[in-house]
Every structure is written in structure tokens, then in C-alpha cells.
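Chemist: Take a look at this one; I'll ask things after.
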Amino acid sequence: MNKLKKMWVENRILFVLFIIVIICCFIILGVCISYFFGSSKSSYGDRLDGISEVKITDEVKNNFLDTIKQDELIKDVSFRTQGKIVYVSLEFVDTVTLVEAESKALAALMTFDEKYLNFYDFHFTLKNKGTESNDGFLIMGAKNVNGTGLIWNNNTEVVKDSE
């Protein structure tokens, strides 16, 4: 007992520091476990709350595809949803200009109900291979929940000056 008492008296500062280090390691371990292995089962966390009330069903999808396929200027259309984002890809016939394609995409966006426009983000990809008289295009546009219309990326080709 005297040996333990003597060791305690000589090394009590080291024992207290060692206990503090052990407690800090447990706290760090607990925080890391709760951060990386949290209680959420979804990879999206709580970002998809309310999606069950505004879910895009197969009926809405098929109705959209049928409406778009009726247009003779559109060659092919694809539609997919991922989380709260709707991806629409439109391929046009070779004679369509970029302005016509953008207006068709805006018209396609307006076929959705207001509840979908206020909940989902929409991303459009417009494709046209072009002909000898018409340059083709590949342009992307997006509308987020708070936006009013489609915003298009800059599709102008960068030309370097040769000086």
C-alpha cells in the first residue's frame, strides 16, 4: 500500500493528465461515430422531406413523355428523377435552331403542375447534330425551385485571336 501511495504522490500529475487524455479520446470517438454513422438512413438526410406528397408518379411521367413526343421537331426524349431533381434530355431533328429548341424546352417545362415546379429542380439537355446549313448544338439549362424560368449555359464557342 505504501508503494501505491508513494507512486501516487510522485506521479499524480501524470495520472490526472492520462485520465484527461483517455476522456478526450472517448469524446472524440463518440463525435466521430455520430458524425459518420448518424441516425439518418437516407443518403440525402432530411433534404427529401415532403417528397411523398409531391412525388412524380409514372402517370405524370408518361403524360409528360406523351405530350413531348407529339411534337414533330423532337426526335427523342428521356426523363429521369433523382432525389428532388428532374433530368430531361431532348434530341431535336436536324433542322431545329437553338432558339426554337429553347422555346420547346420552356414549353415542356410549363406542362408540369405548379406543385412540381415549386418542389423540384429541373435540368434540361438539348441536343442537335446539325447539318451542312445548320450548326448543331448541345446546351444545358436549369430551373431551380426559386427560379422563374430556364437559365441556359453559355454555348458560344471561344475563339482565340491570332496575333
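Each chain in the C-alpha cells gets a letter, A, B and so on, in the order shown; residues start at 1 in every chain, and ligands are counted from 1 in the order they appear.
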Applying 7 Å and only C-alpha atoms, which residues near A:Ile151 remain after dropping the ones on its own chain fewer than 5 positions away? List them as a PyMOL selection string.

Modeler: chain A and resi 141-143

Chemist: DSSP on the backbone, then: every residue of chain A marked strand (DSSP E), written as a PyMOL selection string.

Modeler: chain A and resi 74-82+85-92+121-130+135-143+151-152

Chemist: For A:Asn62, list every protein, DNA or RNA residue within 12 Å, evaluated using only C-alpha atoms, and leave out those in the same chain fewer than 4 positions away; present the list as a ChimeraX atom specification.

Modeler: /A:56-58,66-69,77-80,112

Chemist: Mind dumping the selected residues with N, CA, C and O atoms as an mmCIF file, in the first residue's frame?

Modeler:
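Below is the file out_10.cif, written as the result:
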data_model
loop_
_atom_site.group_PDB
_atom_site.id
_atom_site.type_symbol
_atom_site.label_atom_id
_atom_site.label_comp_id
_atom_site.auth_asym_id
_atom_site.auth_seq_id
_atom_site.Cartn_x
_atom_site.Cartn_y
_atom_site.Cartn_z
ATOM 1 N N ILE A 56 -43.386 12.444 -58.198
ATOM 2 C CA ILE A 56 -43.674 12.326 -59.632
ATOM 3 C C ILE A 56 -43.948 10.858 -59.913
ATOM 4 O O ILE A 56 -43.050 10.020 -59.861
ATOM 5 N N THR A 57 -45.183 10.562 -60.204
ATOM 6 C CA THR A 57 -45.605 9.182 -60.428
ATOM 7 C C THR A 57 -45.361 8.792 -61.884
ATOM 8 O O THR A 57 -45.020 9.625 -62.730
ATOM 9 N N ASP A 58 -45.547 7.521 -62.158
ATOM 10 C CA ASP A 58 -45.414 7.039 -63.539
ATOM 11 C C ASP A 58 -46.461 7.681 -64.442
ATOM 12 O O ASP A 58 -46.209 7.908 -65.627
ATOM 13 N N ASP A 66 -45.686 11.564 -73.358
ATOM 14 C CA ASP A 66 -46.639 11.531 -74.463
ATOM 15 C C ASP A 66 -46.843 12.921 -75.059
ATOM 16 O O ASP A 66 -46.940 13.075 -76.280
ATOM 17 N N THR A 67 -46.897 13.937 -74.206
ATOM 18 C CA THR A 67 -47.078 15.303 -74.695
ATOM 19 C C THR A 67 -45.879 15.748 -75.517
ATOM 20 O O THR A 67 -46.030 16.355 -76.581
ATOM 21 N N ILE A 68 -44.696 15.433 -75.043
ATOM 22 C CA ILE A 68 -43.477 15.865 -75.738
ATOM 23 C C ILE A 68 -43.288 15.098 -77.055
ATOM 24 O O ILE A 68 -42.884 15.675 -78.073
ATOM 25 N N LYS A 69 -43.610 13.820 -77.068
ATOM 26 C CA LYS A 69 -43.413 13.010 -78.275
ATOM 27 C C LYS A 69 -44.366 13.396 -79.400
ATOM 28 O O LYS A 69 -44.146 13.024 -80.549
ATOM 29 N N VAL A 77 -36.712 11.757 -76.490
ATOM 30 C CA VAL A 77 -36.801 12.396 -75.175
ATOM 31 C C VAL A 77 -36.516 11.350 -74.105
ATOM 32 O O VAL A 77 -36.903 10.189 -74.240
ATOM 33 N N SER A 78 -35.787 11.764 -73.089
ATOM 34 C CA SER A 78 -35.593 10.889 -71.929
ATOM 35 C C SER A 78 -35.896 11.689 -70.673
ATOM 36 O O SER A 78 -35.707 12.911 -70.625
ATOM 37 N N PHE A 79 -36.356 10.991 -69.649
ATOM 38 C CA PHE A 79 -36.838 11.624 -68.425
ATOM 39 C C PHE A 79 -36.443 10.752 -67.251
ATOM 40 O O PHE A 79 -36.687 9.549 -67.261
ATOM 41 N N ARG A 80 -35.800 11.349 -66.250
ATOM 42 C CA ARG A 80 -35.497 10.601 -65.036
ATOM 43 C C ARG A 80 -35.478 11.560 -63.856
ATOM 44 O O ARG A 80 -35.211 12.746 -64.011
ATOM 45 N N PHE A 112 -45.716 20.849 -66.595
ATOM 46 C CA PHE A 112 -45.793 20.357 -65.218
ATOM 47 C C PHE A 112 -46.692 21.254 -64.384
ATOM 48 O O PHE A 112 -46.776 22.464 -64.608
#

Chemist: Which of these residues is nearest to A:Asp94, using only C-alpha atoms: A:Glu53, A:Phe137, A:Lys61, A:Tyr116?

Modeler: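 For A:Asp94, the nearest of the given residues is A:Phe137.
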
Chemist: Counting only C-alpha atoms, figure out which residue out of A:Ile139, A:Leu150, A:Leu65, A:Val60 gets nearest to A:Asp113.

Modeler: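 Of A:Ile139, A:Leu150, A:Leu65, A:Val60, the one nearest A:Asp113 is A:Val60, counting only C-alpha atoms.
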
Chemist: Name the residues in contact with stretch 99-106 of chain A at a cut-off of 8 Å, using only C-alpha atoms, excluding same-chain residues fewer than 6 positions from it; report them as an mmCIF file with C-alpha atoms, in the first residue's frame.

Modeler:
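Written output follows (around.cif):
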data_model
loop_
_atom_site.group_PDB
_atom_site.id
_atom_site.type_symbol
_atom_site.label_atom_id
_atom_site.label_comp_id
_atom_site.auth_asym_id
_atom_site.auth_seq_id
_atom_site.Cartn_x
_atom_site.Cartn_y
_atom_site.Cartn_z
ATOM 1 C CA LEU A 90 -34.426 16.354 -75.651
ATOM 2 C CA PHE A 92 -34.214 17.508 -81.914
ATOM 3 C CA PHE A 124 -32.754 20.199 -69.486
ATOM 4 C CA LEU A 126 -30.918 19.908 -75.633
ATOM 5 C CA GLY A 149 -37.598 30.271 -65.940
ATOM 6 C CA LEU A 150 -34.856 28.236 -67.511
#

Chemist: List the neighbours of A:Gly136 out to 8 Å using only C-alpha atoms; skip same-chain residues closer than 6 positions along the sequence, and give me the result as a JSON list (two decimals) with N, CA and C atoms, in the first residue's frame.

Modeler:
[["chain", "number", "residue", "atom", "x", "y", "z"],
["A", 94, "ASP", "N", -32.71, 17.62, -87.22],
["A", 94, "ASP", "CA", -31.54, 18.39, -87.66],
["A", 94, "ASP", "C", -31.86, 19.83, -88.06],
["A", 127, "LYS", "N", -30.12, 18.61, -77.54],
["A", 127, "LYS", "CA", -29.11, 18.10, -78.48],
["A", 127, "LYS", "C", -29.62, 18.23, -79.90],
["A", 128, "ASN", "N", -28.69, 18.56, -80.79],
["A", 128, "ASN", "CA", -28.97, 18.59, -82.21],
["A", 128, "ASN", "C", -27.66, 18.36, -82.93],
["A", 129, "LYS", "N", -27.62, 17.39, -83.82],
["A", 129, "LYS", "CA", -26.38, 17.07, -84.52],
["A", 129, "LYS", "C", -26.06, 18.06, -85.61],
["A", 130, "GLY", "N", -27.08, 18.67, -86.18],
["A", 130, "GLY", "CA", -26.86, 19.69, -87.20],
["A", 130, "GLY", "C", -26.69, 19.12, -88.60]]

Chemist: For atom CA of A:Val88 and atom CA of A:Ser133, quote the distance in Å rounded to one decimal.

Modeler: 27.0 Å

Chemist: For A:Tyr87, which residue among A:Asp121, A:Asp49, A:Asp71, A:Glu59 is the nearest when counting only C-alpha atoms?

Modeler: A:Asp121

Chemist: Assign secondary structure with DSSP using the backbone only, and return the residues of stretch 65-117 of chain A in alpha helix (DSSP H) as number ranges by chain.

Modeler: A: 65-69, 98-109, 114-117

Chemist: Point out the residue among A:Val9, A:Leu17, A:Leu48, A:Met140 with the least atom-to-atom distance to A:Lys84, counting only C-alpha atoms.

Modeler: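 Ranked by minimum distance to A:Lys84, first place goes to A:Leu48.
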
Chemist: From the set A:Val93, A:Leu98, A:Arg47, A:Glu132, which residue has the shortest atom-to-atom contact distance to A:Phe119, counting only C-alpha atoms?

Modeler: A:Arg47

Chemist: Could you check how far atom CA of A:Phe36 sits from atom CA of A:Ile22, in Å to one decimal?

Modeler: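 Atom CA of A:Ile22 lies at a distance of 21.2 Å from atom CA of A:Phe36.
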
Chemist: Could you tell me how far atom CA of A:Ile85 sits from atom CA of A:His123, in Å to one decimal place?

Modeler: 7.3 Å

Chemist: Between A:Met1, A:Ile20, A:Leu73, A:Val54, which is the closest to A:Leu117 once you count only C-alpha atoms?

Modeler: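 Comparing A:Met1, A:Ile20, A:Leu73, A:Val54 against A:Leu117, the winner is A:Val54.
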